[in-house]
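A.B. asks: Starting off with a structure, shown below.
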Amino acid sequence: MVVTRFAPSPTGYLHIGGLRTALFNWLWARKNGGKFILRIEDTDLSRNSQEATRAILESFDWVGLDYDGEVAYQSKRFDIYKRYIQKLLDEGKAYYCYMSKEELDALREEQQKRGERPRYDRRYRDFKGTPPKGVDPVVRIKAPLQGDIIFEDGIKGTIVIRAEELDDFIIARSDGTPTYNFVVAIDDALMGITDVIRGDDHLYNTPKQFIVYEALGFKVPKFYHVPMILNEQGKKLSKRDGAMDVMEYKRMGYLPEALLNFLVRLGWSHGDQEIFTIEEMKELFDPKDINKSASAYNLSKLEWLNAHYIKNSSNERLLNLLKDFNIYLESHDKKEILLDALKERAKTIKEMAELAKEILEEPQNYDEKALKKALKGEWREILTLFLEKLKINEPHLPVDYHKIIEDVVKEKEIGFGKIGQPLRVALLGKLSGPGLDEVMAIIGKEESIKRVEKFLRKFE
C-alpha cells in the first residue's frame with residue numbers, strides 16, 4: 001500500500017509551494033487507494049506557533065485535502081525518539097560528544113584558514129576517557145567513514161554522495177531534544193511511509209536520513225525531490241510574486257479548485273491538458289512525471305483558471321461566496337440576471353463583488369475620461385427621449401430594456417454608441433461593465449430613471 005505524508009513545520013503560514021507538495025502526496029496516495037498522513041513537525045519548541053498550526057489545518061480544510069487518522073504532532077512523540085537515541089548509544093552506533101561551542105568554532109576557523117570545508121573532526125567518536133566536567137553533551141550518530149550513499153530519486157535519477165562528505169551529525173541536542181533529520185527518519189519508518197515527495201531543498205537531508213535508516217535497520221522509502229517554484233523572472237518566489245499564505249488566496253477571491261488545478265500544473269503535465277477535475281488529477285498523476293527543472297509561477301494563468309471555474313459555478317454557490325465580501329443578494333429579485341452577468345466578466349470573487357457594488361450602488365462620481373467620450377453631440381436629447389420612453393413602459397427583463405434602447409436608436413437614426421456611452425456613464429459612472437439592458441433589469445425601472453435624471457441635472 002502506498003503511504004505518503006506532508007510534514008510542515010508550524011513556524012509560519014502554509015505557502016503555495018507547501019500546498020503543491022501536499023497536493024502531490026495526496027494525489028499519489030488517493031490514486032493508489034493508500035494513506036495520506038498529515039504530520040506537524042513541531043520539535044523546535046522555541047519557534048512553534050499555534051496560529052501557524054491552525055493556518056495549516058484551515059488551508060487543508062479550505063482546499064478539501066483530507067488526511068487519514070489524526071494529525072500527528074512530533075512534540076508528542078519525544079519518548080519514542082529518546083528510546084531510539086538510547087538504542088543507538090547502547091549498540092555503539094552513536095556517542096556522546098563533549099565538544100563545547102567555543103571549541104567547535106575554533107576548529108572551524110582553523111579549517112577555513114587551511115581552505116578546508118568546516119566540519120566536526122570526530123574527536124569523541126571512540127572516546128573512552130573521563131568526560132570533561134560541566135559540559136552537557138550532544139549525541140552524534142556514527143556516519144560511514146568510506147564508500148558512497150547511493151539512492152534512486154524518482155525525479156532526479158541516481159544520486160551519489162561520498163561518505164567523506166558526511167559528518168557524524170547531531171541527533172540529540174545538549175538539552176536532550178532530538179534533531180530534524182533524526183525524527184523525520186524515525187517517523188517516516190514507524191508510520192510506514194512508502195513514498196516521500198518533498199521539495200528539492202531537502203535533497204541533501206536525504207543521505208543523513210539514510211544513515212539513520214541503516215543504523216536502525218529500517219526500510220528506506222522511495223524519494224521524489226520536487227524542483228522549486230520560481231517567479232516569472234526565474235528567481236526564488238517572494239511574497240510579492242505569490243509565495244504568500246494559502247488563505248490569502250481565499251481572501252483575494254480565488255476558488256480552491258482553481259488553485260489546486262494551477263498548482264498541479266506547476267511542474268507536472270498530461271499532454272496539453274490545462275483544466276483538470278480532482279478526479280482526473282487522481283487518475284492521471286504520477287510523481288515520476290514531475291519535471292526535473294523548476295517551474296514558473298504565472299499569475300495570469302491562475303486568473304484564467306479562476307475565471308473558468310467561476311463561469312462554471314452555480315449561482316447558489318456564488319451567492320454564498322459573495323457573502324465573504326459583504327455582498328448579500330438572497331432577497332434581490334434579479335439576482336439570477338446579476339450573477340449571470342457578473343460571472344462572464346469576473347476573474348475573482350473579489351472582483352465579482354466589486355462589479356456587483358458598481359451596479360447596485362448609485363455612482364457617486366463619474367470617470368473623467370468616460371465623460372469626455374460620452375458627452376458629445378446631442379447626448380442630452382438622446383437621454384431625455386430615452387427617459388420619456390422608459391417612463392411610459394413597464395420593462396422587467398433585459399430584452400424589454402433593449403427594445404426601448406432600440407426604439408431611441410431608430411427614432412433618432414443614430415448608432416448604438418451614441419446612446420450607449422452617455423447612458424452607461426449615467427448608470428455606472430464609467431464606460432465598462434455588463435450589458436446596459438442587464439444593468440437596468442437588475443436595478444429596475446425606478447432606479448434607472450433616478451440615475452439618468454441625476455446625471456442630466458449634474459451636467460446641465
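In the C-alpha cells, each chain is lettered A, B, ... as it comes, each chain's residues begin at 1, and ligands are numbered from 1 in order of appearance.
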Enumerate, as a PDB file with N, CA and C atoms, in the first residue's frame, the complete set of residues in segment 175-388 of chain A that a backbone-based DSSP assignment places in strand (DSSP E or B).
C.D. replies:
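File produced: states17.pdb:
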```
ATOM      1  N   PRO A 178      15.617  15.949  20.248  1.00  0.00           N
ATOM      2  CA  PRO A 178      16.142  15.331  19.028  1.00  0.00           C
ATOM      3  C   PRO A 178      16.179  16.330  17.868  1.00  0.00           C
ATOM      4  N   ASP A 195       6.478   6.416   0.207  1.00  0.00           N
ATOM      5  CA  ASP A 195       6.916   7.378  -0.809  1.00  0.00           C
ATOM      6  C   ASP A 195       7.020   8.765  -0.186  1.00  0.00           C
ATOM      7  N   VAL A 196       8.202   9.351  -0.284  1.00  0.00           N
ATOM      8  CA  VAL A 196       8.419  10.700   0.256  1.00  0.00           C
ATOM      9  C   VAL A 196       8.536  11.660  -0.930  1.00  0.00           C
ATOM     10  N   ILE A 197       7.510  12.502  -1.102  1.00  0.00           N
ATOM     11  CA  ILE A 197       7.533  13.525  -2.160  1.00  0.00           C
ATOM     12  C   ILE A 197       7.716  14.859  -1.445  1.00  0.00           C
ATOM     13  N   ARG A 198       8.835  15.522  -1.697  1.00  0.00           N
ATOM     14  CA  ARG A 198       9.104  16.776  -0.986  1.00  0.00           C
ATOM     15  C   ARG A 198       9.963  17.689  -1.849  1.00  0.00           C
ATOM     16  N   GLY A 199      10.122  18.938  -1.401  1.00  0.00           N
ATOM     17  CA  GLY A 199      10.895  19.924  -2.155  1.00  0.00           C
ATOM     18  C   GLY A 199      12.355  19.533  -2.255  1.00  0.00           C
ATOM     19  N   LYS A 222      10.747   5.316  -1.006  1.00  0.00           N
ATOM     20  CA  LYS A 222      11.137   5.897  -2.306  1.00  0.00           C
ATOM     21  C   LYS A 222      11.127   7.410  -2.145  1.00  0.00           C
ATOM     22  N   PHE A 223      12.065   8.071  -2.815  1.00  0.00           N
ATOM     23  CA  PHE A 223      12.143   9.534  -2.709  1.00  0.00           C
ATOM     24  C   PHE A 223      11.879  10.199  -4.047  1.00  0.00           C
ATOM     25  N   TYR A 224      11.165  11.327  -3.989  1.00  0.00           N
ATOM     26  CA  TYR A 224      10.925  12.181  -5.155  1.00  0.00           C
ATOM     27  C   TYR A 224      11.173  13.614  -4.690  1.00  0.00           C
ATOM     28  N   HIS A 225      12.219  14.241  -5.196  1.00  0.00           N
ATOM     29  CA  HIS A 225      12.522  15.616  -4.784  1.00  0.00           C
ATOM     30  C   HIS A 225      12.072  16.590  -5.877  1.00  0.00           C
ATOM     31  N   VAL A 226      11.068  17.396  -5.529  1.00  0.00           N
ATOM     32  CA  VAL A 226      10.373  18.256  -6.489  1.00  0.00           C
ATOM     33  C   VAL A 226      11.100  19.598  -6.633  1.00  0.00           C
ATOM     34  N   ILE A 229       9.384  26.307  -7.143  1.00  0.00           N
ATOM     35  CA  ILE A 229       8.591  27.200  -7.983  1.00  0.00           C
ATOM     36  C   ILE A 229       9.349  28.532  -8.017  1.00  0.00           C
ATOM     37  N   LEU A 230       9.605  29.026  -9.222  1.00  0.00           N
ATOM     38  CA  LEU A 230      10.306  30.312  -9.363  1.00  0.00           C
ATOM     39  C   LEU A 230       9.325  31.382  -9.837  1.00  0.00           C
ATOM     40  N   LYS A 236      13.832  33.100  -7.045  1.00  0.00           N
ATOM     41  CA  LYS A 236      13.052  32.485  -5.959  1.00  0.00           C
ATOM     42  C   LYS A 236      11.754  33.267  -5.741  1.00  0.00           C
ATOM     43  N   ASP A 245       0.564  33.293   2.223  1.00  0.00           N
ATOM     44  CA  ASP A 245      -0.332  32.407   2.944  1.00  0.00           C
ATOM     45  C   ASP A 245      -1.420  31.886   1.996  1.00  0.00           C
ATOM     46  N   SER A 295       9.645  25.209 -12.033  1.00  0.00           N
ATOM     47  CA  SER A 295       8.511  25.732 -12.798  1.00  0.00           C
ATOM     48  C   SER A 295       8.296  27.195 -12.460  1.00  0.00           C
ATOM     49  N   ALA A 296       7.675  27.932 -13.380  1.00  0.00           N
ATOM     50  CA  ALA A 296       7.487  29.380 -13.197  1.00  0.00           C
ATOM     51  C   ALA A 296       6.048  29.698 -12.816  1.00  0.00           C
TER      52      ALA A 296
END
```
A.B. asks: Give me the residues within 7 Å of Ile149 of chain A as an MDAnalysis selection string, counting only C-alpha atoms and dropping any in the same chain fewer than 4 places off.
C.D. replies: chainID A and resid 160:163 207
A.B. asks: Those residues with N, CA and C atoms, as a short mmCIF file (atom, residue, chain, number, x, y, z; two decimals), in the first residue's frame please?
C.D. replies:
```
data_model
loop_
_atom_site.label_atom_id
_atom_site.label_comp_id
_atom_site.auth_asym_id
_atom_site.auth_seq_id
_atom_site.Cartn_x
_atom_site.Cartn_y
_atom_site.Cartn_z
N VAL A 160 24.46 10.14 -5.89
CA VAL A 160 25.60 9.51 -5.21
C VAL A 160 26.25 10.55 -4.30
N ILE A 161 26.35 10.21 -3.01
CA ILE A 161 27.02 11.10 -2.05
C ILE A 161 28.19 10.32 -1.44
N ARG A 162 29.39 10.88 -1.53
CA ARG A 162 30.55 10.19 -0.96
C ARG A 162 30.52 10.28 0.56
N ALA A 163 30.87 9.19 1.22
CA ALA A 163 30.84 9.13 2.69
C ALA A 163 31.67 10.25 3.31
N PRO A 207 20.69 11.85 2.51
CA PRO A 207 21.77 10.94 2.93
C PRO A 207 21.85 10.80 4.45
#
```
A.B. asks: Nearest residue to Leu14 of chain A out of A:Tyr401, A:Phe60, A:Phe36, A:Tyr124, using only C-alpha atoms?
C.D. replies: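 Looking at the shortest contact to Leu14 of chain A, the residue is A:Phe60.
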A.B. asks: Excluding Asp187 of chain A and any residue of its chain fewer than 3 positions from it, enumerate the residues within 10 Å of it, using only C-alpha atoms, and give them as a list of chain:residue names.
C.D. replies: A:Arg39, A:Ala72, A:Gln74, A:Arg77, A:Ile80, A:Tyr81, A:Phe182, A:Val183, A:Val184, A:Leu190, A:Met191, A:Gly192, A:Ile193
A.B. asks: My list of candidates is A:Pro363, A:Pro131, A:Gly34, A:Gly217. Which is closest to Val425 of chain A when distances are computed with only C-alpha atoms?
C.D. replies: A:Pro363
A.B. asks: Counting only C-alpha atoms, what is within 8 Å of Met1 of chain A, bar same-chain residues fewer than 5 positions away, as a ChimeraX atom specification?
C.D. replies: /A:32-35,194
A.B. asks: Kindly give the distance, in Å, that separates atom CA of Phe169 of chain A and atom CA of Arg5 of chain A, rounded to a single decimal.
C.D. replies: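 Taking atom CA of Phe169 of chain A as the start and atom CA of Arg5 of chain A as the end point, the length is 24.7 Å.
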A.B. asks: Skipping near chain neighbours, those fewer than 4 positions away, what residues fall within 9 Å of Leu27 of chain A using only C-alpha atoms, listed as a list in words?
C.D. replies: Ala22, Leu23, Lys31, Asn32, Phe36, Ile278, Met281, Lys282, Glu283, Phe285 and Asp286 of chain A
A.B. asks: Do a neighbour search on Arg117 of chain A at 10 Å with only C-alpha atoms, toss out local chain neighbours closer than 6 positions, and write the hits as a list in words.
C.D. replies: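 The neighbour list is Arg108, Gln111 and Glu165 of chain A.
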A.B. asks: May I have the residues within 12 Å of Lys410 of chain A as a short mmCIF file (atom, residue, chain, number, x, y, z; two decimals) with N, CA and C atoms, in the first residue's frame, using only C-alpha atoms and disregarding those fewer than 4 positions away in the same chain?
C.D. replies:
```cif
data_model
loop_
_atom_site.label_atom_id
_atom_site.label_comp_id
_atom_site.auth_asym_id
_atom_site.auth_seq_id
_atom_site.Cartn_x
_atom_site.Cartn_y
_atom_site.Cartn_z
N ILE A 382 -30.85 62.72 -26.55
CA ILE A 382 -30.97 61.25 -26.65
C ILE A 382 -31.41 60.67 -25.30
N LEU A 385 -35.06 61.62 -24.46
CA LEU A 385 -36.01 60.78 -25.20
C LEU A 385 -36.09 59.38 -24.58
N PHE A 386 -34.89 58.85 -24.22
CA PHE A 386 -34.86 57.52 -23.60
C PHE A 386 -35.69 57.51 -22.30
N LYS A 403 -35.31 46.75 -26.03
CA LYS A 403 -36.32 47.22 -27.00
C LYS A 403 -36.44 48.75 -26.92
N ILE A 404 -36.43 49.32 -25.69
CA ILE A 404 -36.54 50.78 -25.53
C ILE A 404 -35.31 51.47 -26.13
N ILE A 405 -34.12 50.91 -25.89
CA ILE A 405 -32.89 51.48 -26.47
C ILE A 405 -32.98 51.45 -28.00
N GLU A 406 -33.47 50.31 -28.53
CA GLU A 406 -33.61 50.16 -29.99
C GLU A 406 -34.56 51.21 -30.58
N ILE A 414 -29.52 56.96 -35.13
CA ILE A 414 -28.14 57.01 -34.61
C ILE A 414 -27.59 55.60 -34.42
N GLY A 415 -26.28 55.49 -34.22
CA GLY A 415 -25.67 54.20 -33.87
C GLY A 415 -25.86 53.94 -32.38
N PHE A 416 -25.73 52.68 -31.98
CA PHE A 416 -25.93 52.31 -30.56
C PHE A 416 -24.98 53.06 -29.62
N LYS A 418 -24.04 56.08 -29.65
CA LYS A 418 -24.49 57.44 -29.34
C LYS A 418 -25.39 57.47 -28.11
N ILE A 419 -26.17 56.40 -27.90
CA ILE A 419 -26.97 56.32 -26.66
C ILE A 419 -26.22 55.52 -25.60
#
```
A.B. asks: For Asn181 of chain A, which residue among A:Glu41, A:Tyr73, A:Gly129, A:Leu145 is the nearest when counting only C-alpha atoms?
C.D. replies: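 Answer, going by the shortest atom-to-atom distance: A:Glu41.
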A.B. asks: Measuring atom to atom with only C-alpha atoms, identify which of A:Lys87, A:Arg122, A:Arg424, A:Arg380 is nearest to Glu460 of chain A.
C.D. replies: A:Arg380
